[in-house]
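Visitor: Next up is a structure, given as structure tokens.
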Amino acid sequence: MIKVEDALHAVLKSIKTLDSEAVKLTDALERVLAEDIYSDSNIPAFNNSAMDGYAVKSSDIKGASKNSPKVLEVIESLKAGDVPKKILKDNQAIRIMTGAPLPKGADSVVMVEETKKTRSKGRDIVEIYRSAKSGENVRKAGEDIKIGEQVLEKGILLKSAHIGILASLGLPKIKVARRPKVAILATGDEVIDVDQKLTPGKLRSSNTYTLYSQIINCGGIPKNLGISRDEPHRLESKLKEGLDCDLILTSGGVSVGDYDLVKFILAKMGTNIRFWQVAMRPGKPLVFGLIKGIPIFGLPGNPVSSMVSFEVFVKPSILKMLGQKIDYKNEVDAVLEENIVKKKGLMYFLRAQTRWEDGIYLTRTAGPQGSAILKSMALANSLIILPEEEEKVEKGVRVTVRFLD
Ligand code: AMP
Ligand code: MG
């Protein structure tokens, strides 16, 4: 039996990051960026107005107030997209809209609400009711992004704001990691598909569907190979259908039952088996190896074991294939709200409800922990992780909690 930490290490050592592909920005959401992005321009490209108002020299309007306004001559009007033609001289102002380039000579903008436009002796003039500091209401060239700056880092998961930045940099396409294709094969004579009528002794293959969604959730493309009976030839031919994938998952048949054949079939097909059985609960009967160079997990059949093994081993594998930076912020310390007795030597992953209250995380189990009890998994937002060496974990101590997505 291998420890979780060593098993994860062995798994990740066998997983390679996949190649990349170019996608349009509209297809980039939730994809993993596969290149560092540098800016070849300043954003904004030039000093521009943050307000609708008047571009002025701040030195002209010192001490301006409602009672003693400064009067300036209005010589031009600029909207976003215009190019200024005039240079501001003393006691002049230029009407300016948000986003319009700041004209030469001006160093600040007074918002329109602090002004009044009139005409005097056939000229446009404006009364200014407020002084301004130099630079006030001006967006500086490069204040968002500077030319040459590294803006986005390879390995991030692209969200809406990232895509907006890529658009403002003028990149119509970007390189993202190719999504790994992940095969799912359920095994077991007792297992049927969801659309079949349930007969005594049979069981619907919920694992197929939890795994299918877990794969999508971390960026993979699932390929459902269906269900194989516990029969060597069928298992072998079904497994072969997964050999065009980047990763293969089987569910069930890796325990010590008389019909648990997956391990033997894998061995017969020349799989390089790296380990079988991990010191954890749930999820002990896990097998991992490389079949014709393709990583394969024989996941345990019990629904929660299958899900937890995915969380602990398969998800990090898919993220490594994607070259995605792993965000450890989903693990926090939380205060345990109940006593827990565990078996020494196994790492425990308990389905839990964790919440933030009065400045700390509090956590408690989300119901019965049997590895076939999927309901407590559905009620859980997190897993309490208890290390191998613990035997009794008492109410009030701090434990590590990993949030589920
Ligand atoms: P096994 O390791 O194949 O003996 O599976 C252990 C138990 O997990 C079975 O007795 C079933 O209760 C359950 N199980 C196996 N395969 C599935 C599946 N595809 N979906 C849901 N439960 C399963
Ligand atoms: Mg079975």
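Within each chain, counting starts at residue 1; across the structure tokens, chains are named A, B, ... in the order shown, with ligands numbered 1 upward in that order.
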Neighbours of ligand 1 at 7 Å or closer, counting only C-alpha atoms and all ligand atoms: which residues, as a list of chain:residue names?

Guide: A:Ala186, A:Thr187, A:Gly188, A:Val191, A:Leu203, A:Arg204, A:Ser205, A:Ser206, A:Asn207, A:Thr208, A:Ser251, A:Gly252, A:Gly253, A:Val254, A:Ser255, A:Gly257, A:Asp260, A:Pro300, A:Gly301, A:Asn302, A:Pro303, A:Ala372

Visitor: Mind writing the picked residues with all heavy atoms as a compact mmCIF listing (two decimals), in the first residue's frame?

Guide:
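out.txt written:
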# COMPACT_ATOMS: atom_id res chain seq x y z
N ALA A 186 -17.07 2.00 -17.28
CA ALA A 186 -17.63 1.39 -16.06
C ALA A 186 -17.56 -0.12 -16.23
O ALA A 186 -17.71 -0.64 -17.34
CB ALA A 186 -19.06 1.85 -15.86
N THR A 187 -17.29 -0.80 -15.13
CA THR A 187 -17.23 -2.27 -15.21
C THR A 187 -18.17 -2.88 -14.18
O THR A 187 -18.53 -2.23 -13.20
CB THR A 187 -15.81 -2.79 -14.91
OG1 THR A 187 -15.54 -2.62 -13.51
CG2 THR A 187 -14.76 -2.05 -15.73
N GLY A 188 -18.54 -4.09 -14.40
CA GLY A 188 -19.33 -4.84 -13.41
C GLY A 188 -20.59 -5.43 -14.00
O GLY A 188 -21.33 -4.74 -14.69
N VAL A 191 -23.81 -3.65 -13.06
CA VAL A 191 -23.99 -2.24 -13.40
C VAL A 191 -24.71 -2.09 -14.74
O VAL A 191 -24.38 -2.74 -15.72
CB VAL A 191 -22.61 -1.53 -13.47
CG1 VAL A 191 -22.78 -0.06 -13.78
CG2 VAL A 191 -21.87 -1.70 -12.15
N LEU A 203 -27.77 -2.13 -10.61
CA LEU A 203 -27.43 -0.83 -10.06
C LEU A 203 -27.08 0.09 -11.23
O LEU A 203 -26.38 -0.32 -12.15
CB LEU A 203 -26.24 -1.10 -9.18
CG LEU A 203 -25.37 -0.04 -8.63
CD1 LEU A 203 -25.69 0.08 -7.16
CD2 LEU A 203 -23.94 -0.49 -8.78
N ARG A 204 -27.61 1.29 -11.21
CA ARG A 204 -27.30 2.21 -12.31
C ARG A 204 -25.89 2.76 -12.17
O ARG A 204 -25.43 3.04 -11.07
CB ARG A 204 -28.33 3.35 -12.36
CG ARG A 204 -29.71 2.85 -12.73
CD ARG A 204 -30.62 3.99 -13.12
NE ARG A 204 -31.93 3.48 -13.50
CZ ARG A 204 -32.98 3.43 -12.70
NH1 ARG A 204 -32.89 3.87 -11.46
NH2 ARG A 204 -34.13 2.95 -13.13
N SER A 205 -25.24 2.92 -13.28
CA SER A 205 -23.84 3.37 -13.25
C SER A 205 -23.74 4.87 -13.00
O SER A 205 -23.47 5.65 -13.89
CB SER A 205 -23.14 3.02 -14.56
OG SER A 205 -21.80 3.48 -14.50
N SER A 206 -23.95 5.24 -11.74
CA SER A 206 -23.83 6.67 -11.42
C SER A 206 -22.39 7.15 -11.63
O SER A 206 -22.15 8.31 -11.99
CB SER A 206 -24.28 6.96 -9.99
OG SER A 206 -23.46 6.30 -9.07
N ASN A 207 -21.44 6.25 -11.45
CA ASN A 207 -20.03 6.66 -11.60
C ASN A 207 -19.74 7.23 -12.99
O ASN A 207 -18.98 8.19 -13.12
CB ASN A 207 -19.10 5.46 -11.40
CG ASN A 207 -19.09 5.00 -9.95
OD1 ASN A 207 -19.69 5.65 -9.10
ND2 ASN A 207 -18.44 3.88 -9.69
N THR A 208 -20.34 6.63 -14.01
CA THR A 208 -20.12 7.13 -15.36
C THR A 208 -20.45 8.62 -15.43
O THR A 208 -19.73 9.41 -16.03
CB THR A 208 -21.02 6.37 -16.36
OG1 THR A 208 -20.70 4.99 -16.27
CG2 THR A 208 -20.83 6.87 -17.79
N SER A 251 -13.97 2.29 -13.81
CA SER A 251 -14.59 2.35 -12.49
C SER A 251 -15.01 0.95 -12.10
O SER A 251 -15.62 0.25 -12.88
CB SER A 251 -15.77 3.33 -12.54
OG SER A 251 -16.96 2.73 -12.10
N GLY A 252 -14.64 0.56 -10.89
CA GLY A 252 -15.00 -0.75 -10.37
C GLY A 252 -14.00 -1.82 -10.76
O GLY A 252 -13.12 -1.61 -11.61
N GLY A 253 -14.13 -2.96 -10.10
CA GLY A 253 -13.33 -4.13 -10.49
C GLY A 253 -11.86 -4.06 -10.11
O GLY A 253 -11.04 -4.77 -10.68
N VAL A 254 -11.51 -3.22 -9.16
CA VAL A 254 -10.09 -3.15 -8.76
C VAL A 254 -9.89 -3.57 -7.31
O VAL A 254 -8.81 -3.44 -6.76
CB VAL A 254 -9.50 -1.72 -8.95
CG1 VAL A 254 -9.25 -1.45 -10.41
CG2 VAL A 254 -10.37 -0.66 -8.32
N SER A 255 -10.97 -4.09 -6.73
CA SER A 255 -10.90 -4.49 -5.33
C SER A 255 -10.40 -5.93 -5.25
O SER A 255 -9.69 -6.40 -6.15
CB SER A 255 -12.28 -4.30 -4.71
OG SER A 255 -12.19 -4.22 -3.33
N GLY A 257 -12.48 -8.65 -4.85
CA GLY A 257 -13.56 -9.59 -5.11
C GLY A 257 -13.19 -10.59 -6.21
O GLY A 257 -12.25 -10.37 -6.97
N ASP A 260 -13.23 -8.99 -9.63
CA ASP A 260 -12.49 -7.75 -9.80
C ASP A 260 -11.30 -7.99 -10.72
O ASP A 260 -10.19 -8.30 -10.29
CB ASP A 260 -12.06 -7.19 -8.44
CG ASP A 260 -13.26 -6.67 -7.66
OD1 ASP A 260 -14.27 -6.31 -8.30
OD2 ASP A 260 -13.21 -6.64 -6.43
N PRO A 300 -11.87 2.90 -7.90
CA PRO A 300 -12.75 1.99 -7.17
C PRO A 300 -14.21 2.18 -7.58
O PRO A 300 -14.60 3.23 -8.06
CB PRO A 300 -12.54 2.37 -5.71
CG PRO A 300 -11.57 3.47 -5.65
CD PRO A 300 -11.19 3.87 -7.03
N GLY A 301 -15.01 1.13 -7.36
CA GLY A 301 -16.40 1.17 -7.82
C GLY A 301 -17.33 1.97 -6.93
O GLY A 301 -18.30 2.56 -7.41
N ASN A 302 -17.05 1.98 -5.64
CA ASN A 302 -17.98 2.70 -4.77
C ASN A 302 -18.03 4.16 -5.15
O ASN A 302 -17.00 4.80 -5.37
CB ASN A 302 -17.57 2.53 -3.30
CG ASN A 302 -18.10 1.23 -2.73
OD1 ASN A 302 -19.30 0.96 -2.81
ND2 ASN A 302 -17.21 0.42 -2.20
N PRO A 303 -19.26 4.69 -5.26
CA PRO A 303 -19.44 6.03 -5.82
C PRO A 303 -18.60 7.13 -5.17
O PRO A 303 -18.05 7.97 -5.88
CB PRO A 303 -20.93 6.29 -5.63
CG PRO A 303 -21.54 4.94 -5.65
CD PRO A 303 -20.55 4.02 -5.02
N ALA A 372 -20.35 4.19 -0.14
CA ALA A 372 -21.43 4.08 -1.12
C ALA A 372 -22.48 5.17 -0.91
O ALA A 372 -23.47 5.23 -1.64
CB ALA A 372 -22.07 2.70 -1.04

Visitor: For region 3-16 of chain A, list every protein, DNA or RNA residue within 6 Å, evaluated using only C-alpha atoms, and leave out those in the same chain fewer than 2 positions away; present the list as a PDB file with all heavy atoms, in the first residue's frame.

Guide:
ATOM      1  N   VAL A 278      -3.985   2.446  -2.246  1.00  0.00           N
ATOM      2  CA  VAL A 278      -3.443   3.659  -1.638  1.00  0.00           C
ATOM      3  C   VAL A 278      -3.950   3.739  -0.195  1.00  0.00           C
ATOM      4  O   VAL A 278      -5.102   3.400   0.080  1.00  0.00           O
ATOM      5  CB  VAL A 278      -3.895   4.908  -2.427  1.00  0.00           C
ATOM      6  CG1 VAL A 278      -3.269   6.171  -1.844  1.00  0.00           C
ATOM      7  CG2 VAL A 278      -3.535   4.774  -3.892  1.00  0.00           C
ATOM      8  N   ALA A 279      -3.086   4.197   0.698  1.00  0.00           N
ATOM      9  CA  ALA A 279      -3.439   4.267   2.127  1.00  0.00           C
ATOM     10  C   ALA A 279      -4.381   5.434   2.378  1.00  0.00           C
ATOM     11  O   ALA A 279      -3.992   6.474   2.910  1.00  0.00           O
ATOM     12  CB  ALA A 279      -2.173   4.408   2.959  1.00  0.00           C
ATOM     13  N   MET A 321      -1.818  18.046 -17.423  1.00  0.00           N
ATOM     14  CA  MET A 321      -1.902  17.921 -18.889  1.00  0.00           C
ATOM     15  C   MET A 321      -2.184  19.266 -19.534  1.00  0.00           C
ATOM     16  O   MET A 321      -1.705  19.573 -20.623  1.00  0.00           O
ATOM     17  CB  MET A 321      -3.012  16.937 -19.272  1.00  0.00           C
ATOM     18  CG  MET A 321      -2.639  15.509 -18.996  1.00  0.00           C
ATOM     19  SD  MET A 321      -3.976  14.415 -19.480  1.00  0.00           S
ATOM     20  CE  MET A 321      -3.111  12.864 -19.396  1.00  0.00           C
TER      21      MET A 321
END

Visitor: Give the answer as one residue: which of A:Ile340, A:Ile294, A:Ile192, A:Leu383 has the shortest atom-to-atom distance to ligand 2, using only C-alpha atoms and all ligand atoms?

Guide: A:Ile192

Visitor: Determine, counting only C-alpha atoms, which protein, DNA and RNA residues have an atom within 6 Å of an atom of Asn339 (chain A); residues of the same chain fewer than 6 positions away are not included. Present the result as a list in words.

Guide: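 Once the nearby chain positions are removed, what remains is Val393, Glu394 and Lys395 of chain A.
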
Visitor: Determine the nearest neighbour of Ser58 (chain A) from the options A:Pro103, A:Gly135, A:Pro84, A:Pro44, counting only C-alpha atoms.

Guide: A:Gly135

Visitor: So, counting only C-alpha atoms and all ligand atoms, which residue among A:Leu72, A:Lys263, A:Asn42, A:Arg139 is closest to ligand 2?

Guide: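 Looking at the shortest contact to ligand 2, the residue is A:Lys263.
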
Visitor: Can you pull out every residue within 7 Å of Ala45 (chain A), counting only C-alpha atoms, but drop anything in the same chain fewer than 4 positions away, and send it as a compact mmCIF listing (two decimals) with C-alpha atoms, in the first residue's frame?

Guide:
# COMPACT_ATOMS: atom_id res chain seq x y z
CA SER A 41 1.43 49.06 -26.68
CA ALA A 141 -1.06 56.76 -21.15
CA GLY A 142 -0.03 53.28 -19.97
